[in-house]
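Have a look at protein21.txt; it's compact mmCIF, C-alpha atoms:
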# COMPACT_ATOMS: atom_id res chain seq x y z
CA MET A 1 -8.18 13.41 -26.96
CA ARG A 2 -11.19 12.79 -24.86
CA VAL A 3 -13.99 10.59 -23.61
CA ALA A 4 -17.37 11.80 -22.35
CA THR A 5 -20.23 10.44 -20.28
CA LYS A 6 -23.61 11.72 -19.17
CA SER A 7 -23.70 9.42 -16.14
CA PRO A 8 -22.75 11.07 -12.82
CA ALA A 9 -21.94 7.62 -11.40
CA ILE A 10 -19.51 6.82 -14.23
CA LYS A 11 -18.00 10.30 -13.89
CA GLU A 12 -17.28 9.71 -10.19
CA ALA A 13 -15.88 6.24 -10.92
CA LEU A 14 -13.53 7.59 -13.60
CA LEU A 15 -12.37 10.45 -11.37
CA SER A 16 -11.51 7.97 -8.62
CA GLU A 17 -9.73 5.50 -10.91
CA PHE A 18 -7.79 8.11 -12.91
CA LYS A 19 -6.55 9.84 -9.76
CA GLY A 20 -5.67 6.49 -8.18
CA ARG A 21 -3.55 5.49 -11.20
CA GLY A 22 -1.93 8.92 -11.61
CA ILE A 23 -3.36 9.40 -15.11
CA SER A 24 -3.08 12.93 -16.50
CA PHE A 25 -6.50 14.43 -17.32
CA GLU A 26 -8.72 17.50 -17.12
CA THR A 27 -12.51 17.58 -16.80
CA ARG A 28 -15.15 19.84 -18.32
CA GLU A 29 -18.92 19.99 -17.94
CA ARG A 30 -21.40 21.17 -20.55
CA GLN A 31 -25.11 21.09 -21.25
CA SER A 32 -26.29 18.07 -23.21
CA TYR A 33 -29.25 15.74 -23.69
CA GLU A 34 -30.36 12.14 -24.17
CA ALA A 35 -33.15 11.53 -26.66
CA PHE A 36 -35.21 8.54 -27.76
CA VAL A 37 -37.79 8.63 -30.53
CA GLY A 38 -39.91 5.54 -31.00
CA TYR A 39 -42.65 3.50 -29.39
CA ALA A 40 -43.31 1.99 -25.96
CA ILE A 41 -45.46 -0.92 -24.81
CA GLU A 42 -46.50 -0.53 -21.18
CA GLY A 43 -47.36 -3.33 -18.77
CA THR A 44 -45.97 -6.09 -16.60
CA LEU A 45 -43.52 -8.45 -18.26
CA GLU A 46 -46.25 -10.98 -18.95
CA GLU A 47 -48.62 -8.33 -20.31
CA ILE A 48 -45.98 -6.96 -22.67
CA ARG A 49 -45.15 -10.44 -23.96
CA ALA A 50 -48.83 -11.22 -24.53
CA LYS A 51 -49.35 -7.97 -26.47
CA ILE A 52 -46.40 -8.69 -28.75
CA GLU A 53 -47.40 -12.33 -29.34
CA ALA A 54 -50.88 -11.18 -30.36
CA MET A 55 -49.46 -8.97 -33.12
CA GLU A 56 -50.09 -9.78 -36.78
CA SER A 57 -47.36 -7.68 -38.39
CA VAL A 58 -43.82 -8.25 -39.65
CA GLU A 59 -42.34 -6.56 -36.55
CA LYS A 60 -43.54 -9.34 -34.23
CA GLU A 61 -40.45 -11.60 -34.30
CA GLU A 62 -38.03 -8.68 -34.02
CA LEU A 63 -39.93 -7.22 -31.07
CA LEU A 64 -40.05 -10.61 -29.31
CA LYS A 65 -36.29 -10.91 -29.75
CA GLY A 66 -35.79 -7.45 -28.27
CA PHE A 67 -38.20 -8.15 -25.42
CA ASN A 68 -36.44 -11.41 -24.53
CA ALA A 69 -33.11 -9.55 -24.41
CA PHE A 70 -34.71 -6.91 -22.15
CA LYS A 71 -36.07 -9.60 -19.80
CA GLU A 72 -32.73 -11.43 -19.69
CA SER A 73 -30.99 -8.17 -18.80
CA LEU A 74 -33.56 -7.53 -16.06
CA ASP A 75 -33.14 -11.05 -14.62
CA HIS A 76 -29.35 -10.67 -14.63
CA LEU A 77 -29.54 -7.28 -12.93
CA SER A 78 -32.06 -8.47 -10.35
CA GLY A 79 -29.63 -11.18 -9.28
CA HIS A 80 -27.05 -8.54 -8.43
CA LEU A 81 -29.55 -6.24 -6.76
CA LYS A 82 -30.91 -8.84 -4.33
CA GLU A 83 -27.63 -8.72 -2.41
CA GLY A 84 -26.88 -5.06 -3.14
CA GLU A 85 -24.03 -3.67 -5.21
CA LYS A 86 -22.02 -0.48 -5.65
CA VAL A 87 -23.60 1.79 -8.27
CA ASP A 88 -20.33 2.31 -10.17
CA GLU A 89 -19.70 -1.44 -10.33
CA ILE A 90 -23.18 -2.30 -11.55
CA LEU A 91 -23.13 0.48 -14.16
CA ALA A 92 -19.92 -1.07 -15.52
CA GLU A 93 -22.07 -4.00 -16.70
CA GLY A 94 -23.05 -1.92 -19.74
CA PRO A 95 -25.03 1.10 -21.03
CA TRP A 96 -28.33 -0.83 -20.74
CA VAL A 97 -28.09 -0.90 -16.93
CA ALA A 98 -28.98 2.77 -16.43
CA GLU A 99 -32.30 2.32 -18.31
CA VAL A 100 -33.36 -0.74 -16.28
CA LEU A 101 -32.25 0.83 -12.98
CA ASP A 102 -34.28 3.95 -13.77
CA GLN A 103 -37.45 1.94 -14.36
CA LEU A 104 -36.99 -0.08 -11.16
CA PHE A 105 -36.28 3.08 -9.18
CA ARG A 106 -39.44 4.79 -10.46
CA ALA A 107 -41.42 1.69 -9.43
CA GLY A 108 -40.14 1.98 -5.85
CA ALA A 109 -38.21 -1.29 -6.14
CA LEU A 110 -34.81 -0.02 -5.05
CA GLU A 111 -33.07 1.19 -1.89
CA TYR A 112 -30.03 3.44 -2.22
CA SER A 113 -27.50 4.09 0.55
CA ASN A 114 -23.83 5.11 0.63
CA GLY A 115 -23.26 4.42 -3.04
CA THR A 116 -24.92 0.99 -2.90
CA VAL A 117 -28.19 0.07 -4.61
CA LYS A 118 -30.32 -2.88 -3.49
CA LEU A 119 -33.66 -4.47 -4.39
CA ARG A 120 -36.15 -4.01 -1.57
CA ASP A 121 -36.63 -7.18 0.47
CA GLY A 122 -39.60 -9.19 -0.77
CA PHE A 123 -40.20 -6.93 -3.77
CA ASP A 124 -41.81 -8.77 -6.68
CA VAL A 125 -40.27 -7.51 -9.93
CA SER A 126 -42.99 -9.24 -11.96
CA SER A 127 -45.48 -6.71 -10.58
CA VAL A 128 -43.64 -3.71 -12.04
CA ARG A 129 -45.27 -2.01 -15.02
CA PHE A 130 -42.36 -1.50 -17.40
CA HIS A 131 -42.00 0.51 -20.59
CA PHE A 132 -40.56 -1.73 -23.31
CA LYS A 133 -39.20 0.75 -25.84
CA PHE A 134 -38.19 0.25 -29.46
CA PRO A 135 -37.06 2.75 -32.14
CA PHE A 136 -39.35 3.97 -34.90
CA GLU A 137 -36.90 2.66 -37.55
CA LEU A 138 -37.99 -0.86 -36.59
CA VAL A 139 -41.60 -0.21 -37.53
CA HIS A 140 -42.84 -1.07 -41.05
CA ASP A 141 -46.57 -0.83 -40.38
CA PRO A 142 -47.26 2.01 -37.90
CA GLU A 143 -51.03 1.47 -37.97
CA LYS A 144 -50.78 -2.11 -36.65
CA VAL A 145 -48.03 -1.32 -34.14
CA GLU A 146 -49.96 1.62 -32.68
CA ARG A 147 -52.78 -0.74 -31.68
CA ILE A 148 -50.56 -2.01 -28.83
CA ALA A 149 -47.85 0.65 -28.54
CA LYS A 150 -47.82 4.37 -27.94
CA GLN A 151 -45.52 6.85 -29.60
CA PHE A 152 -42.75 7.60 -27.15
CA VAL A 153 -40.38 10.56 -27.29
CA PHE A 154 -38.07 11.10 -24.36
CA THR A 155 -35.74 14.05 -24.02
CA ASP A 156 -33.57 14.16 -20.92
CA LEU A 157 -31.68 17.45 -20.42
CA VAL A 158 -28.50 16.52 -18.59
CA GLU A 159 -24.91 17.54 -17.99
CA GLU A 160 -22.18 15.84 -20.00
CA TYR A 161 -18.83 15.21 -18.33
CA GLU A 162 -15.82 15.29 -20.64
CA PHE A 163 -12.41 13.89 -19.71
CA GLU A 164 -9.56 15.40 -21.71
CA ILE A 165 -6.73 12.87 -21.52
CA GLY A 166 -3.25 14.40 -21.29
CA GLU A 167 -1.33 11.16 -20.80
CA LEU A 168 1.83 10.41 -22.79
CA ASP A 169 3.18 7.48 -20.76
CA ILE A 170 2.56 4.19 -22.62
CA GLY A 171 2.13 2.20 -19.41
CA ARG A 172 -0.53 4.55 -18.07
CA ILE A 173 -2.28 4.61 -21.45
CA ASN A 174 -2.53 0.81 -21.22
CA GLU A 175 -4.02 1.14 -17.72
CA LEU A 176 -6.42 3.80 -19.00
CA ALA A 177 -7.70 1.43 -21.70
CA GLN A 178 -8.39 -1.25 -19.06
CA ILE A 179 -10.37 1.24 -16.98
CA LEU A 180 -12.40 2.61 -19.90
CA GLY A 181 -13.15 -0.93 -21.10
CA ARG A 182 -15.40 -1.36 -18.06
CA TYR A 183 -17.57 1.65 -18.93
CA PHE A 184 -17.54 2.20 -22.71
CA PRO A 185 -17.99 0.10 -25.89
CA GLU A 186 -14.89 -1.77 -27.06
CA GLU A 187 -14.69 -0.02 -30.43
CA GLN A 188 -14.78 3.43 -28.80
CA VAL A 189 -12.04 2.46 -26.32
CA LEU A 190 -9.81 0.98 -29.05
CA LYS A 191 -10.03 4.11 -31.19
CA LEU A 192 -9.15 6.37 -28.26
CA TYR A 193 -6.37 4.00 -27.17
CA PHE A 194 -4.62 4.02 -30.54
CA GLY A 195 -5.10 7.78 -30.81
CA LEU A 196 -3.33 8.23 -27.47
CA ILE A 197 -0.63 5.70 -28.39
CA GLY A 198 -0.07 7.49 -31.71
CA ARG A 199 0.26 10.86 -29.99
CA ALA A 200 2.68 9.43 -27.41
CA ILE A 201 4.89 7.88 -30.12
CA LEU A 202 4.86 11.06 -32.19
CA SER A 203 5.72 13.14 -29.10
CA SER A 204 8.63 10.83 -28.28
CA GLU A 205 9.94 11.09 -31.85
CA LEU A 206 9.68 14.89 -31.79
CA LEU A 207 11.71 15.06 -28.59
CA ARG A 208 14.27 12.58 -29.95
CA VAL A 209 14.81 14.63 -33.12
CA ILE A 210 15.10 17.92 -31.18
CA GLY A 211 17.74 16.33 -28.97
CA GLU A 212 20.09 18.74 -27.28
CA GLN A 213 19.91 21.36 -30.01
CA LYS A 214 17.64 24.30 -30.69
CA ILE A 215 15.79 23.60 -33.90
CA GLU A 216 13.75 25.82 -36.19
CA GLU A 217 10.06 25.08 -35.53
CA ASP A 218 9.04 25.34 -39.19
CA ALA A 219 11.86 23.01 -40.22
CA LEU A 220 10.85 20.52 -37.53
CA LYS A 221 7.23 20.50 -38.70
CA THR A 222 8.23 20.20 -42.36
CA MET A 223 10.55 17.30 -41.55
CA PHE A 224 7.78 15.36 -39.81
CA LEU A 225 5.14 16.16 -42.42
CA GLN A 226 7.44 14.80 -45.13
CA ALA A 227 7.86 11.60 -43.07
CA MET A 228 4.09 11.04 -42.80
CA PRO A 229 2.60 8.54 -42.57
CA MET A 230 4.88 6.82 -40.02
CA GLU A 231 4.78 3.01 -39.96
CA ILE A 232 5.52 1.38 -36.60
CA PRO A 233 6.01 -2.42 -36.67
CA THR A 234 4.55 -4.29 -33.70
CA GLU A 235 4.27 -7.96 -32.68
CA ARG A 236 0.69 -8.06 -33.96
CA GLY A 237 1.11 -6.04 -37.13
CA THR A 238 1.74 -2.46 -38.23
CA LEU A 239 0.62 0.77 -36.58
CA VAL A 240 0.38 3.60 -39.12
CA ILE A 241 0.39 7.16 -37.76
CA ASN A 242 -0.51 10.21 -39.83
CA ALA A 243 -0.71 13.83 -38.66
CA SER A 244 -1.63 17.15 -40.26
CA ARG A 245 0.32 20.39 -39.94
CA GLU A 246 -2.44 21.76 -37.69
CA PHE A 247 -2.12 18.76 -35.37
CA LEU A 248 1.66 19.12 -35.18
CA GLU A 249 1.30 22.79 -34.27
CA ASP A 250 -1.20 21.91 -31.55
CA LEU A 251 0.99 19.04 -30.30
CA LEU A 252 3.96 21.39 -29.89
CA ARG A 253 1.77 23.76 -27.85
CA PHE A 254 0.65 20.75 -25.78
CA LEU A 255 4.26 19.64 -25.14
CA GLU A 256 5.17 23.21 -24.17
CA LYS A 257 2.27 23.37 -21.73
CA LYS A 258 3.35 20.03 -20.21
CA GLY A 259 6.91 21.33 -19.74
CA TYR A 260 8.68 19.10 -22.29
CA ILE A 261 9.83 21.86 -24.65
CA ASP A 262 10.43 25.60 -24.77
CA ARG A 263 9.45 27.66 -27.84
CA LYS A 264 11.03 31.07 -28.42
CA ALA A 265 11.78 33.17 -31.50
CA GLY A 266 10.64 30.43 -33.87
CA LYS A 267 12.92 27.81 -32.33
CA VAL A 268 12.21 24.74 -30.18
CA LYS A 269 14.35 23.45 -27.32
CA LYS A 270 13.82 20.20 -25.39
CA LEU A 271 13.58 20.58 -21.61
CA ARG A 272 13.02 16.93 -20.66
CA ASP A 273 12.18 13.52 -22.09
CA LEU A 274 8.91 11.63 -21.71
So that I can check it, write out the structure of this file as structure tokens.
Amino acid sequence: MRVATKSPAIKEALLSEFKGRGISFETRERQSYEAFVGYAIEGTLEEIRAKIEAMESVEKEELLKGFNAFKESLDHLSGHLKEGEKVDEILAEGPWVAEVLDQLFRAGALEYSNGTVKLRDGFDVSSVRFHFKFPFELVHDPEKVERIAKQFVFTDLVEEYEFEIGELDIGRINELAQILGRYFPEEQVLKLYFGLIGRAILSSELLRVIGEQKIEEDALKTMFLQAMPMEIPTERGTLVINASREFLEDLLRFLEKKGYIDRKAGKVKKLRDL
């Protein structure tokens, strides 16, 4: 079970926090990309607003709404940058930060030193020529939109950093969710959290059933498959856990690798509890 990021700053932040909390994980790097296909309006903030307000197409109101959100994000970020802030902390504000930071950096607005980023003293953000980007799906009348906007396709070839989470301790999984909540969308964190919780509960049940005996591996898997799905009552409701035969086989290999069980001659023996 894993989470991935293409941001080197977030990668370093996660490495530091995971190690500091004693969370079990492994990292991998692989080639990846970021891509955007759409349109861009170039200009200062006032120029971009004026171009959108002069439009006579159905996209006008939607683009103004998006532009206002972009400007609010920029104003919020500028407030932090005037005093200077750690890159990992400011990136935790949300995925939109990296895009705004990149545009300010290219405009020569930022100073970077020892992991801290700061707006240059006296720099006037209103003078920056930004690219206000919006996806092609938003456009109903390309001919009218292309009078003020240019087609914009951006492909960024980057490394992706994957964190394979090997944690089975419920307390550390709770801490992990708190950490990830600062860097990733809530829905993504919740899905990973309950996946990890489900695996931890299933692992605990496997070890409980094995007990002090040696048990036939096929019989153990059949027993658990017949019990699926497992319903776990909680204070807030019911957690339902389901698992396939393939997952159970992989989970047993995982528990063996982690030193919880020993598998020999088709039988499973518990070495230690969670």
Residue with the minimum atom-to-atom distance to A:Gly166, picked from A:Gln226, A:Arg199, A:Ala50, A:Ile241 with all atoms listed in the file counted, is A:Arg199
Atom pair atom CA of A:Met230 / atom CA of A:Ile201: separation (Å): 10.0 Å
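The interatomic distance for the pair atom CA of A:Asn68 and atom CA of A:Lys6 works out to 27.0 Å.
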The residue from A:Arg147, A:Arg172, A:Arg272, A:Lys118 with the smallest atom-to-atom distance to A:Ala200, counting all atoms listed in the file, is A:Arg172
With distances taken over all atoms listed in the file, which residue among A:Tyr112, A:Trp96, A:Phe254, A:Tyr39 lies nearest A:Leu138? A:Tyr39
